[in-house]
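Colleague: Structure file target34.txt (compact mmCIF, C-alpha atoms and all ligand atoms) right here:
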```txt
# COMPACT_ATOMS: atom_id res chain seq x y z
CA MET A 1 32.97 80.74 72.44
CA ALA A 2 36.74 80.87 72.45
CA LYS A 3 38.31 80.16 69.08
CA PRO A 4 40.25 76.92 68.92
CA THR A 5 43.89 77.90 68.72
CA ARG A 6 46.75 75.95 67.27
CA ILE A 7 49.40 75.26 69.86
CA ASP A 8 52.84 76.45 68.81
CA PRO A 9 55.40 74.05 70.38
CA ALA A 10 57.89 76.96 70.56
CA ASP A 11 55.43 79.08 72.59
CA VAL A 12 52.78 76.77 74.07
CA LEU A 13 51.19 79.45 76.27
CA ALA A 14 51.16 81.90 73.33
CA VAL A 15 53.02 84.47 75.42
CA GLY A 16 53.85 86.20 72.13
CA ASP A 17 50.15 87.09 71.81
CA LEU A 18 50.59 89.37 74.84
CA LEU A 19 52.97 91.58 72.85
CA THR A 20 51.72 94.66 71.03
CA ASP A 21 51.79 94.84 67.23
CA GLU A 22 54.83 97.10 67.44
CA GLU A 23 56.66 94.72 69.78
CA ARG A 24 55.87 91.79 67.48
CA LEU A 25 57.22 93.77 64.53
CA VAL A 26 60.49 94.38 66.42
CA ARG A 27 60.65 90.69 67.36
CA ASP A 28 60.14 89.49 63.79
CA THR A 29 62.51 92.05 62.26
CA VAL A 30 65.35 91.26 64.66
CA ARG A 31 64.71 87.52 64.33
CA ARG A 32 65.01 87.79 60.54
CA PHE A 33 68.28 89.72 60.87
CA ALA A 34 69.67 87.16 63.31
CA ASP A 35 68.59 84.22 61.15
CA GLU A 36 69.98 85.64 57.93
CA ARG A 37 73.02 87.56 59.05
CA ILE A 38 74.28 85.78 62.18
CA ARG A 39 73.11 82.17 62.28
CA PRO A 40 74.93 80.99 59.13
CA HIS A 41 78.29 82.21 60.52
CA ILE A 42 78.07 82.05 64.28
CA GLY A 43 79.45 78.52 64.69
CA ASP A 44 82.54 79.50 62.71
CA TRP A 45 83.00 82.80 64.61
CA PHE A 46 82.66 80.98 67.92
CA GLU A 47 85.18 78.33 66.87
CA ARG A 48 87.68 80.92 65.66
CA GLY A 49 87.02 83.21 68.64
CA VAL A 50 86.13 86.25 66.53
CA PHE A 51 83.31 88.77 66.41
CA PRO A 52 83.30 90.98 63.28
CA ALA A 53 82.20 94.05 65.21
CA ARG A 54 83.21 96.71 62.68
CA GLU A 55 81.24 94.95 59.96
CA LEU A 56 78.17 94.22 62.10
CA ALA A 57 77.92 97.45 64.10
CA PRO A 58 76.58 99.60 61.21
CA GLU A 59 74.08 96.85 60.38
CA LEU A 60 72.92 96.72 64.01
CA GLY A 61 72.74 100.52 63.92
CA ALA A 62 70.55 100.41 60.80
CA LEU A 63 68.37 97.80 62.54
CA GLY A 64 67.85 100.40 65.29
CA VAL A 65 68.96 98.24 68.24
CA LEU A 66 71.96 100.29 69.45
CA GLY A 67 70.76 102.48 72.32
CA MET A 68 67.29 101.44 71.22
CA HIS A 69 65.55 102.42 74.47
CA LEU A 70 67.23 105.85 74.69
CA ASP A 71 65.63 109.08 73.43
CA GLY A 72 67.12 111.50 70.91
CA TYR A 73 70.66 111.63 69.44
CA GLY A 74 69.73 109.11 66.72
CA CYS A 75 68.34 106.54 69.18
CA ALA A 76 65.04 104.78 68.54
CA GLY A 77 63.37 105.72 71.86
CA SER A 78 61.50 102.41 72.02
CA GLY A 79 59.72 100.92 75.01
CA ALA A 80 61.30 98.49 77.44
CA VAL A 81 59.46 95.41 76.18
CA ALA A 82 60.34 96.23 72.56
CA TYR A 83 64.00 96.48 73.60
CA GLY A 84 63.60 93.23 75.53
CA VAL A 85 62.22 91.25 72.61
CA ALA A 86 65.08 92.57 70.43
CA CYS A 87 67.53 91.22 73.03
CA MET A 88 65.63 87.92 73.08
CA GLU A 89 66.03 87.49 69.33
CA LEU A 90 69.69 88.59 69.32
CA GLU A 91 70.60 86.13 72.06
CA ALA A 92 68.67 83.33 70.34
CA ALA A 93 71.48 83.65 67.79
CA ASP A 94 74.32 84.08 70.30
CA SER A 95 74.94 85.65 73.71
CA GLY A 96 78.02 87.37 72.23
CA LEU A 97 75.84 89.32 69.81
CA ARG A 98 73.46 90.39 72.57
CA SER A 99 76.44 91.30 74.76
CA PHE A 100 77.77 93.60 72.05
CA VAL A 101 74.40 95.37 71.81
CA SER A 102 73.95 95.52 75.61
CA VAL A 103 77.41 96.96 76.23
CA GLN A 104 77.13 99.49 73.44
CA GLY A 105 73.58 100.62 74.22
CA SER A 106 72.82 99.97 77.87
CA LEU A 107 76.27 100.47 79.37
CA ALA A 108 78.37 102.85 77.24
CA MET A 109 75.64 104.91 75.53
CA ARG A 110 73.30 104.90 78.53
CA SER A 111 76.09 106.22 80.79
CA VAL A 112 76.81 109.10 78.38
CA HIS A 113 73.08 109.70 77.87
CA ALA A 114 72.31 109.78 81.61
CA PHE A 115 75.42 111.50 82.96
CA GLY A 116 77.18 113.22 80.03
CA SER A 117 77.32 116.92 79.16
CA GLU A 118 75.43 118.10 76.10
CA GLU A 119 78.74 118.26 74.18
CA GLN A 120 79.63 114.71 75.17
CA LYS A 121 76.20 113.48 74.08
CA GLN A 122 76.41 115.29 70.73
CA ARG A 123 79.93 114.05 70.17
CA TRP A 124 79.39 110.34 70.89
CA LEU A 125 75.75 109.23 70.87
CA PRO A 126 74.77 109.65 67.18
CA GLY A 127 77.85 107.72 65.98
CA LEU A 128 77.35 105.00 68.59
CA ALA A 129 73.63 104.69 67.69
CA ALA A 130 74.53 104.32 64.01
CA GLY A 131 77.22 101.75 64.76
CA GLU A 132 79.88 103.96 63.17
CA LEU A 133 81.55 104.05 66.58
CA ILE A 134 81.98 101.37 69.23
CA GLY A 135 81.90 101.89 72.99
CA CYS A 136 82.77 99.92 76.12
CA PHE A 137 82.18 100.20 79.87
CA ALA A 138 85.04 99.51 82.24
CA LEU A 139 84.17 98.84 85.88
CA THR A 140 85.65 95.42 86.79
CA GLU A 141 89.28 95.17 87.91
CA PRO A 142 91.56 92.16 88.36
CA ASP A 143 91.04 92.27 92.16
CA PHE A 144 87.52 93.71 92.32
CA GLY A 145 84.59 92.11 90.49
CA SER A 146 81.51 91.68 92.69
CA ASP A 147 82.84 94.38 95.01
CA PRO A 148 83.54 97.39 92.77
CA ALA A 149 83.31 99.86 95.67
CA ASN A 150 86.90 98.99 96.54
CA MET A 151 88.26 99.61 93.04
CA ARG A 152 91.87 100.79 92.80
CA THR A 153 91.75 102.69 89.51
CA ARG A 154 92.19 106.30 90.45
CA ALA A 155 91.88 109.69 88.78
CA ARG A 156 93.57 112.66 90.38
CA ARG A 157 93.43 116.29 89.36
CA LYS A 158 96.48 117.94 87.83
CA GLY A 159 95.64 121.56 87.16
CA ALA A 160 92.60 121.53 84.88
CA ASP A 161 93.40 117.95 83.71
CA TRP A 162 92.85 114.53 85.23
CA VAL A 163 95.49 111.77 85.49
CA LEU A 164 94.10 108.22 85.34
CA THR A 165 95.98 105.16 86.66
CA GLY A 166 94.85 101.56 87.07
CA THR A 167 93.75 98.38 85.32
CA LYS A 168 90.33 97.19 84.23
CA THR A 169 89.66 93.66 83.03
CA TRP A 170 86.97 91.52 81.39
CA ILE A 171 85.89 94.54 79.37
CA THR A 172 83.57 93.64 76.49
CA ASN A 173 84.51 95.53 73.28
CA GLY A 174 87.56 96.90 75.15
CA SER A 175 90.23 96.68 72.44
CA ILE A 176 87.91 97.73 69.59
CA SER A 177 86.28 100.73 71.21
CA ASP A 178 86.38 104.31 69.99
CA VAL A 179 85.42 105.42 73.48
CA ALA A 180 85.76 103.70 76.84
CA VAL A 181 83.58 104.74 79.78
CA VAL A 182 86.02 104.15 82.64
CA TRP A 183 84.96 104.30 86.31
CA ALA A 184 87.61 105.47 88.77
CA GLN A 185 87.98 106.63 92.37
CA THR A 186 88.52 110.35 92.83
CA ASP A 187 88.79 112.53 95.94
CA ASP A 188 85.03 113.09 95.59
CA GLY A 189 84.03 109.45 95.04
CA VAL A 190 83.65 107.24 91.94
CA ARG A 191 83.42 109.15 88.65
CA GLY A 192 83.14 108.17 84.98
CA PHE A 193 85.71 109.20 82.35
CA LEU A 194 85.57 109.03 78.57
CA VAL A 195 88.88 107.70 77.27
CA GLU A 196 89.82 107.43 73.60
CA PRO A 197 92.25 104.90 72.14
CA GLY A 198 95.61 106.40 71.23
CA THR A 199 95.70 108.51 74.41
CA PRO A 200 99.29 108.09 75.69
CA GLY A 201 99.53 105.53 78.50
CA PHE A 202 96.29 103.71 77.53
CA THR A 203 96.69 100.14 76.24
CA ALA A 204 94.19 97.34 75.58
CA THR A 205 94.95 93.62 75.21
CA ASP A 206 92.47 90.81 74.73
CA VAL A 207 91.88 88.18 77.44
CA PRO A 208 93.28 84.88 76.09
CA GLY A 209 91.89 81.36 76.41
CA LYS A 210 88.15 82.04 76.74
CA LEU A 211 85.97 78.92 76.47
CA SER A 212 82.76 80.95 76.74
CA LEU A 213 81.38 83.95 74.86
CA ARG A 214 84.00 83.31 72.20
CA ALA A 215 82.21 85.41 69.57
CA SER A 216 82.78 88.53 71.67
CA VAL A 217 85.81 90.73 72.28
CA THR A 218 86.90 90.76 75.95
CA SER A 219 89.89 92.87 76.97
CA GLU A 220 92.11 94.16 79.73
CA LEU A 221 92.59 97.94 79.74
CA ALA A 222 95.65 99.49 81.38
CA PHE A 223 95.97 103.19 82.26
CA ASP A 224 99.47 104.35 83.09
CA GLU A 225 99.34 108.00 84.12
CA VAL A 226 96.88 108.78 81.32
CA VAL A 227 96.32 112.54 81.08
CA LEU A 228 92.72 113.43 80.29
CA PRO A 229 91.26 116.87 79.64
CA ALA A 230 88.80 118.39 82.12
CA ASP A 231 85.89 117.63 79.78
CA ALA A 232 86.61 113.87 79.80
CA VAL A 233 84.72 113.43 83.06
CA LEU A 234 80.98 112.68 83.01
CA PRO A 235 79.61 115.66 84.93
CA GLY A 236 76.25 114.17 85.88
CA VAL A 237 77.11 111.63 88.56
CA THR A 238 79.43 110.94 91.48
CA GLY A 239 79.44 107.62 93.32
CA LEU A 240 78.77 103.99 92.43
CA ARG A 241 75.15 104.88 91.69
CA GLY A 242 76.41 105.87 88.21
CA PRO A 243 77.80 102.53 86.99
CA LEU A 244 75.29 100.48 88.98
CA SER A 245 72.30 102.22 87.40
CA SER A 246 73.68 101.51 83.90
CA LEU A 247 74.29 97.88 84.88
CA ASN A 248 70.66 97.65 85.93
CA GLU A 249 69.66 98.68 82.39
CA ALA A 250 71.95 96.08 80.84
CA ARG A 251 70.69 93.32 83.13
CA PHE A 252 67.22 93.99 81.81
CA GLY A 253 68.55 93.00 78.37
CA ILE A 254 70.03 89.84 79.87
CA LEU A 255 66.80 88.69 81.50
CA TRP A 256 65.16 88.89 78.07
CA GLY A 257 68.13 87.66 76.08
CA THR A 258 68.40 84.43 78.01
CA VAL A 259 64.80 83.57 77.07
CA GLY A 260 66.01 83.59 73.45
CA ALA A 261 69.03 81.38 74.18
CA ALA A 262 66.82 78.95 76.10
CA ARG A 263 64.20 78.87 73.35
CA ASP A 264 66.86 78.20 70.74
CA CYS A 265 68.20 75.24 72.72
CA TYR A 266 64.72 73.84 73.34
CA THR A 267 63.61 74.11 69.70
CA ALA A 268 66.94 72.61 68.50
CA ALA A 269 66.36 69.63 70.82
CA LEU A 270 62.71 69.32 69.76
CA ASP A 271 63.63 69.27 66.05
CA TYR A 272 66.44 66.83 66.61
CA ALA A 273 64.32 64.50 68.72
CA GLY A 274 61.70 64.35 65.97
CA SER A 275 64.15 63.19 63.31
CA ARG A 276 66.77 61.18 65.20
CA VAL A 277 65.86 57.48 65.13
CA GLN A 278 67.20 54.94 67.63
CA PHE A 279 65.74 51.51 68.39
CA GLU A 280 63.66 52.04 65.20
CA ARG A 281 61.75 54.98 66.68
CA PRO A 282 62.29 58.73 66.79
CA ILE A 283 63.88 59.54 70.13
CA ALA A 284 60.97 62.02 70.64
CA SER A 285 58.77 58.95 71.19
CA PHE A 286 60.64 57.88 74.33
CA GLN A 287 59.12 58.98 77.62
CA LEU A 288 62.48 60.07 79.03
CA THR A 289 63.08 62.38 76.05
CA GLN A 290 59.57 63.79 76.27
CA GLN A 291 60.09 64.56 79.92
CA LYS A 292 63.24 66.51 79.08
CA LEU A 293 61.49 68.41 76.28
CA VAL A 294 58.50 69.25 78.46
CA GLU A 295 60.72 70.46 81.31
CA MET A 296 62.60 72.66 78.83
CA MET A 297 59.38 74.05 77.40
CA LEU A 298 58.06 74.88 80.90
CA GLU A 299 61.27 76.73 81.76
CA VAL A 300 61.28 78.70 78.49
CA GLU A 301 57.67 79.79 78.90
CA LYS A 302 58.03 80.70 82.58
CA ALA A 303 61.16 82.73 81.83
CA TYR A 304 59.30 84.50 78.99
CA LEU A 305 56.45 85.40 81.38
CA VAL A 306 58.91 86.67 84.00
CA ALA A 307 60.61 88.83 81.36
CA LEU A 308 57.31 90.20 80.10
CA ARG A 309 56.08 91.05 83.61
CA ILE A 310 59.32 92.89 84.42
CA GLY A 311 59.23 94.59 81.01
CA ARG A 312 55.70 95.85 81.59
CA LEU A 313 56.71 97.10 85.06
CA LYS A 314 59.65 98.91 83.46
CA ASP A 315 57.43 100.50 80.82
CA GLU A 316 55.21 101.74 83.67
CA GLY A 317 58.27 103.15 85.46
CA ALA A 318 57.69 100.69 88.32
CA ALA A 319 60.58 98.22 87.87
CA ARG A 320 62.89 98.18 90.91
CA PRO A 321 66.43 96.76 90.99
CA ALA A 322 65.06 93.75 92.92
CA HIS A 323 62.76 92.94 89.98
CA ILE A 324 65.73 93.01 87.63
CA SER A 325 67.68 90.74 90.01
CA PHE A 326 64.70 88.36 90.06
CA GLY A 327 64.70 88.17 86.26
CA LYS A 328 68.46 87.89 85.88
CA LEU A 329 68.79 85.18 88.53
CA ASN A 330 65.82 83.13 87.38
CA ASN A 331 66.18 83.42 83.63
CA VAL A 332 69.93 82.79 83.34
CA ARG A 333 69.60 79.77 85.59
CA ALA A 334 66.62 78.49 83.58
CA ALA A 335 68.46 79.00 80.29
CA LEU A 336 71.52 77.11 81.56
CA ASP A 337 69.37 74.19 82.71
CA VAL A 338 67.60 74.11 79.34
CA ALA A 339 70.89 74.30 77.41
CA ARG A 340 72.46 71.45 79.40
CA SER A 341 69.39 69.24 79.03
CA ALA A 342 69.09 70.04 75.30
CA ARG A 343 72.71 69.01 74.89
CA THR A 344 71.93 65.52 76.16
CA VAL A 345 69.05 65.14 73.68
CA LEU A 346 71.44 65.79 70.81
CA GLY A 347 73.87 63.14 72.02
CA ALA A 348 77.34 63.45 70.47
CA ASN A 349 76.08 65.95 67.88
CA GLY A 350 75.27 68.22 70.80
CA ILE A 351 78.94 68.92 71.48
CA THR A 352 79.65 70.39 68.02
CA THR A 353 79.22 73.88 66.58
CA ALA A 354 76.90 72.36 63.95
CA TYR A 355 74.18 72.73 66.61
CA PRO A 356 73.74 75.70 68.95
CA VAL A 357 73.25 73.97 72.30
CA LEU A 358 76.75 73.63 73.77
CA ARG A 359 77.72 77.04 72.35
CA HIS A 360 74.73 78.53 74.21
CA ALA A 361 75.54 76.52 77.37
CA ASN A 362 79.15 77.73 77.31
CA ASN A 363 78.09 81.33 76.68
CA LEU A 364 75.56 81.21 79.49
CA GLU A 365 78.35 80.44 81.98
CA SER A 366 79.62 83.99 81.31
CA VAL A 367 76.12 85.41 81.46
CA LEU A 368 75.66 83.71 84.86
CA THR A 369 78.74 85.59 86.13
CA TYR A 370 78.71 89.01 84.51
CA GLU A 371 76.57 91.95 85.56
CA GLY A 372 76.15 90.51 89.03
CA THR A 373 76.78 86.82 89.71
CA SER A 374 73.91 84.52 90.64
CA GLU A 375 75.16 84.64 94.24
CA ILE A 376 75.05 88.46 94.33
CA HIS A 377 71.52 88.57 92.87
CA THR A 378 70.49 85.96 95.46
CA LEU A 379 71.83 88.29 98.16
CA VAL A 380 70.00 91.29 96.62
CA LEU A 381 66.74 89.34 96.74
CA GLY A 382 67.55 87.96 100.19
CA GLU A 383 67.95 91.52 101.45
CA THR A 384 64.74 92.57 99.67
CA ILE A 385 62.59 89.97 101.37
CA THR A 386 64.25 89.84 104.81
CA GLY A 387 65.57 93.37 105.23
CA GLU A 388 68.96 91.89 106.20
CA ALA A 389 72.05 92.57 104.05
CA ALA A 390 74.33 89.51 103.88
CA TYR A 391 77.10 90.69 101.56
CA ARG A 392 79.82 90.73 104.24
P1 LIG B 401 84.33 87.56 92.04
O1 LIG B 401 83.67 88.80 92.45
O2 LIG B 401 85.76 87.32 92.47
O3 LIG B 401 83.45 86.33 92.57
C1 LIG B 401 83.93 84.98 92.60
C2 LIG B 401 82.83 84.12 93.26
O4 LIG B 401 82.62 84.59 94.61
C3 LIG B 401 81.49 84.24 92.55
O5 LIG B 401 80.82 83.01 92.61
C4 LIG B 401 80.75 85.26 93.41
O6 LIG B 401 79.36 85.16 93.32
C5 LIG B 401 81.26 84.89 94.80
N1 LIG B 401 81.08 86.00 95.73
C6 LIG B 401 81.67 87.24 95.70
N2 LIG B 401 81.22 87.98 96.72
C7 LIG B 401 80.33 87.22 97.41
C8 LIG B 401 79.52 87.42 98.56
N3 LIG B 401 79.49 88.57 99.23
N4 LIG B 401 78.74 86.39 98.97
C9 LIG B 401 78.71 85.22 98.31
N5 LIG B 401 79.44 84.97 97.19
C10 LIG B 401 80.24 85.96 96.76
N6 LIG B 401 82.95 93.90 83.56
C11 LIG B 401 82.91 95.19 83.14
O7 LIG B 401 83.14 96.12 83.92
N7 LIG B 401 82.62 95.50 81.84
C12 LIG B 401 82.37 94.52 80.90
O8 LIG B 401 82.11 94.84 79.73
C13 LIG B 401 82.43 93.14 81.32
N8 LIG B 401 82.26 92.14 80.41
C14 LIG B 401 82.47 90.84 80.79
C15 LIG B 401 82.47 89.82 79.83
C16 LIG B 401 82.71 88.50 80.21
C17 LIG B 401 82.77 87.43 79.16
C18 LIG B 401 82.90 88.17 81.58
C19 LIG B 401 83.11 86.74 81.99
C20 LIG B 401 82.90 89.17 82.54
C21 LIG B 401 82.70 90.51 82.16
N9 LIG B 401 82.79 91.55 83.10
C22 LIG B 401 82.73 92.87 82.69
C23 LIG B 401 83.14 91.26 84.49
C24 LIG B 401 82.01 90.74 85.33
O9 LIG B 401 81.07 91.73 85.60
C25 LIG B 401 82.63 90.13 86.63
O10 LIG B 401 83.27 88.92 86.22
C26 LIG B 401 81.60 89.87 87.70
O11 LIG B 401 81.18 91.07 88.30
C27 LIG B 401 82.15 88.95 88.83
O12 LIG B 401 83.39 89.39 89.26
P2 LIG B 401 84.62 88.37 89.34
O13 LIG B 401 84.71 87.59 88.08
O14 LIG B 401 85.80 89.16 89.77
O15 LIG B 401 84.23 87.33 90.46
```
So that I can check it, write out the structure of this file as structure tokens.
Ligand code: FAD
Modeller:
Amino acid sequence: MAKPTRIDPADVLAVGDLLTDEERLVRDTVRRFADERIRPHIGDWFERGVFPARELAPELGALGVLGMHLDGYGCAGSGAVAYGVACMELEAADSGLRSFVSVQGSLAMRSVHAFGSEEQKQRWLPGLAAGELIGCFALTEPDFGSDPANMRTRARRKGADWVLTGTKTWITNGSISDVAVVWAQTDDGVRGFLVEPGTPGFTATDVPGKLSLRASVTSELAFDEVVLPADAVLPGVTGLRGPLSSLNEARFGILWGTVGAARDCYTAALDYAGSRVQFERPIASFQLTQQKLVEMMLEVEKAYLVALRIGRLKDEGAARPAHISFGKLNNVRAALDVARSARTVLGANGITTAYPVLRHANNLESVLTYEGTSEIHTLVLGETITGEAAYR
């Protein structure tokens, strides 16, 4: 006979029981770090628009989450689901924290790991894995976001050197990076270049006025005839396949991370509803509130199952870009719906940084847009199921 099990309101279907012991250990370790090290400060960081990257990076390195799913060079070499649950717990604290880890590990480090020379890997990856160094990934330009194939940033050969000219924008970690992976057109197609701060002609300024992802550094990078040595180019890839394959890795972190943000909003609303009394009753006792809480819980659990299915496919080597688009589209949308509904349960308190819900909702607006907007992922899936491309 099946053992009677206690229902955990934060995970009614007990999806967590489908994780391995090792994955649960990662989940609990990262959750403890986020609860102790991030949660007490995140409201203040968000309000002030700061992310103490230099201070946190070595701690994230020690936690093993920087380039966690990569092999060698000081990286943990963990499985996809283990990396996913780490992202889930990081984003339960804040999407800015998960963004830092995604950009460092899945975009900057993964590009060097997949396409770099042995010297480039030895030079950058151990320091990035330890959080002694910070990296960024520069693809988006002021005039080309969803359509990077038409980028204007260009690198031309000058003798043995390269000369890089152009502007990249919305670059996470841009102004604080020790190395920028910059994608540029060349005579042979798109190529990746490793650019260090202090190189003449390279400047970075932060994007002002962000109302979302405030605890995250977002910058514009300008390259004015920047001379780079021959060994600055990533030798292993030519064409958009390079940046797009790294983006696919980072999106995997997003489809897990958003489960954490959604869960955090749902549990904040559940706690609040149990203690907030109106009309002499806890608001959790009203049918309308219960309906909201139940809808939130359903979305959190479904998103968790979607993430786990895609994670298992990835661990089997069977995850396709369409699966990642499925997860990104569904889970970000679900998390946004949960965050907005949770906000209403908290009433006026829901609009402050004393509670996480509007901070998550605001952050998730960025997450909806970056690494492929919801419209682009809809088109990817539309093409997958109909065979018709509808991008133009
Ligand atoms: P656009 O491409 O101009 O799109 C505007 C609207 O038009 C969207 O709704 C879009 O879906 C829609 N649209 C576009 N084309 C189509 C179409 N064919 N059919 C239907 N609708 C369409 N980039 C990096 O390279 N590195 C980073 O580290 C990075 N970090 C970021 C951090 C933040 C906080 C943000 C907000 C963005 C970041 N980005 C980064 C940029 C991000 O990837 C782009 O914003 C994203 O690709 C969308 O580009 P865009 O903003 O130019 O919007």
Colleague: Write out as a list in words each polymer residue whose atoms come within 12 Å of Glu55 (chain A), counting all atoms listed in the file; drop sequence neighbours fewer than 5 positions from it.
Modeller: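 In the requested form, the answer reads Arg37, Ile38, Val50, Leu60, Gly61, Gly131, Glu132, Leu133 and Ile134 of chain A.
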Colleague: I need the residue nearest Tyr83 (chain A) from this list: A:Phe252, A:Phe279, A:Trp183, A:Phe326. Use only C-alpha atoms for the distance.
Modeller: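 Residue with the minimum atom-to-atom distance to Tyr83 (chain A): A:Phe252.
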Colleague: Report as a count of residues only which protein, DNA and RNA residues come within 6 Å of ligand LIG 401 (chain B), using all atoms listed in the file.
Modeller: 22
Colleague: Within 7 Å of region 110-118 of chain A, counting all atoms listed in the file, which residues qualify if same-chain residues fewer than 2 places away don't, as a list in words?
Modeller: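 Close residues of region 110-118 of chain A: Gly105, Ser106, Leu107, Ala108, Gln120, Lys121, Gln122, Leu234, Pro235, Gly236, Val237 and Ser246 of chain A.
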Colleague: Which distance in Å separates CA of Glu299 (chain A) and CA of Phe100 (chain A), to one decimal?
Modeller: 25.5 Å
Colleague: Would you work out the distance separating CA of Ala354 (chain A) from CA of Leu97 (chain A), expressed in Å to one decimal?
Modeller: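 Rounded to one decimal, the two atoms are 18.0 Å apart.
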Colleague: Show me, as a compact mmCIF listing (two decimals) with C-alpha atoms, keeping the file's coordinate frame, the residues that have an atom within 10 Å of Leu66 (chain A) when counting all atoms listed in the file, minus same-chain residues fewer than 4 positions from it.
Modeller:
```txt
# COMPACT_ATOMS: atom_id res chain seq x y z
CA ALA A 57 77.92 97.45 64.10
CA PRO A 58 76.58 99.60 61.21
CA GLU A 59 74.08 96.85 60.38
CA LEU A 60 72.92 96.72 64.01
CA GLY A 61 72.74 100.52 63.92
CA ALA A 62 70.55 100.41 60.80
CA LEU A 70 67.23 105.85 74.69
CA GLY A 74 69.73 109.11 66.72
CA CYS A 75 68.34 106.54 69.18
CA ALA A 76 65.04 104.78 68.54
CA TYR A 83 64.00 96.48 73.60
CA PHE A 100 77.77 93.60 72.05
CA VAL A 101 74.40 95.37 71.81
CA SER A 102 73.95 95.52 75.61
CA VAL A 103 77.41 96.96 76.23
CA GLN A 104 77.13 99.49 73.44
CA GLY A 105 73.58 100.62 74.22
CA SER A 106 72.82 99.97 77.87
CA MET A 109 75.64 104.91 75.53
CA LEU A 125 75.75 109.23 70.87
CA LEU A 128 77.35 105.00 68.59
CA ALA A 129 73.63 104.69 67.69
CA ALA A 130 74.53 104.32 64.01
CA GLY A 131 77.22 101.75 64.76
```
Colleague: Could you work out how far CA of Lys302 (chain A) lies from CA of Asn330 (chain A), giving the answer in Å with one decimal?
Modeller: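 For CA of Asn330 (chain A) relative to CA of Lys302 (chain A), the distance reads 9.5 Å.
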Colleague: Do a neighbour search on Gly49 (chain A) at 10 Å with all atoms listed in the file, toss out local chain neighbours closer than 2 positions, and write the hits as a PyMOL selection string.
Modeller: chain A and resi 43-47+51+208-217
Colleague: Measuring atom to atom with all atoms listed in the file, identify which of A:Ala303, A:Leu221, A:Val233, A:Val338 is nearest to Thr186 (chain A).
Modeller: A:Val233
Colleague: Contacts of Pro282 (chain A) at 12 Å or less, counting all atoms listed in the file, minus same-chain residues fewer than 6 places along, as a list in words?
Modeller: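 Once the adjacent positions are removed, what remains is Leu270, Asp271, Tyr272, Ala273, Gly274, Ser275, Arg276, Thr289, Gln290 and Val345 of chain A.
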Colleague: Could you check the closest approach to Thr205 (chain A) for each of A:Arg152, A:Lys168, A:Arg241, A:Arg31 and tell me which residue wins, using only C-alpha atoms?
Modeller: A:Lys168
Colleague: Kindly indicate which residue among A:Leu240, A:Leu18, A:Ala180, A:Ala232 lies nearest to Asp147 (chain A), using all atoms listed in the file for the distances.
Modeller: A:Leu240
Colleague: Select, from A:Cys87, A:Ile176, A:Ala262, A:Ser245, the residue with the minimum atom-to-atom distance to Leu298 (chain A), counting all atoms listed in the file.
Modeller: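 Among the listed residues, the smallest separation from Leu298 (chain A) belongs to A:Ala262.
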Colleague: Which polymer residues, protein or nucleic acid, are no farther than 9 Å from (65.4, 87.7, 86.7), counting only C-alpha atoms, as a VMD selection string?
Modeller: chain A and resid 251 to 252 254 to 256 303 306 to 307 310 322 to 332 377
Colleague: May I have the selected residues written with C-alpha atoms, as a short mmCIF file (atom, residue, chain, number, x, y, z; two decimals), in the coordinates of the input?
Modeller:
```cif
data_model
loop_
_atom_site.label_atom_id
_atom_site.label_comp_id
_atom_site.auth_asym_id
_atom_site.auth_seq_id
_atom_site.Cartn_x
_atom_site.Cartn_y
_atom_site.Cartn_z
CA ARG A 251 70.69 93.32 83.13
CA PHE A 252 67.22 93.99 81.81
CA ILE A 254 70.03 89.84 79.87
CA LEU A 255 66.80 88.69 81.50
CA TRP A 256 65.16 88.89 78.07
CA ALA A 303 61.16 82.73 81.83
CA VAL A 306 58.91 86.67 84.00
CA ALA A 307 60.61 88.83 81.36
CA ILE A 310 59.32 92.89 84.42
CA ALA A 322 65.06 93.75 92.92
CA HIS A 323 62.76 92.94 89.98
CA ILE A 324 65.73 93.01 87.63
CA SER A 325 67.68 90.74 90.01
CA PHE A 326 64.70 88.36 90.06
CA GLY A 327 64.70 88.17 86.26
CA LYS A 328 68.46 87.89 85.88
CA LEU A 329 68.79 85.18 88.53
CA ASN A 330 65.82 83.13 87.38
CA ASN A 331 66.18 83.42 83.63
CA VAL A 332 69.93 82.79 83.34
CA HIS A 377 71.52 88.57 92.87
#
```
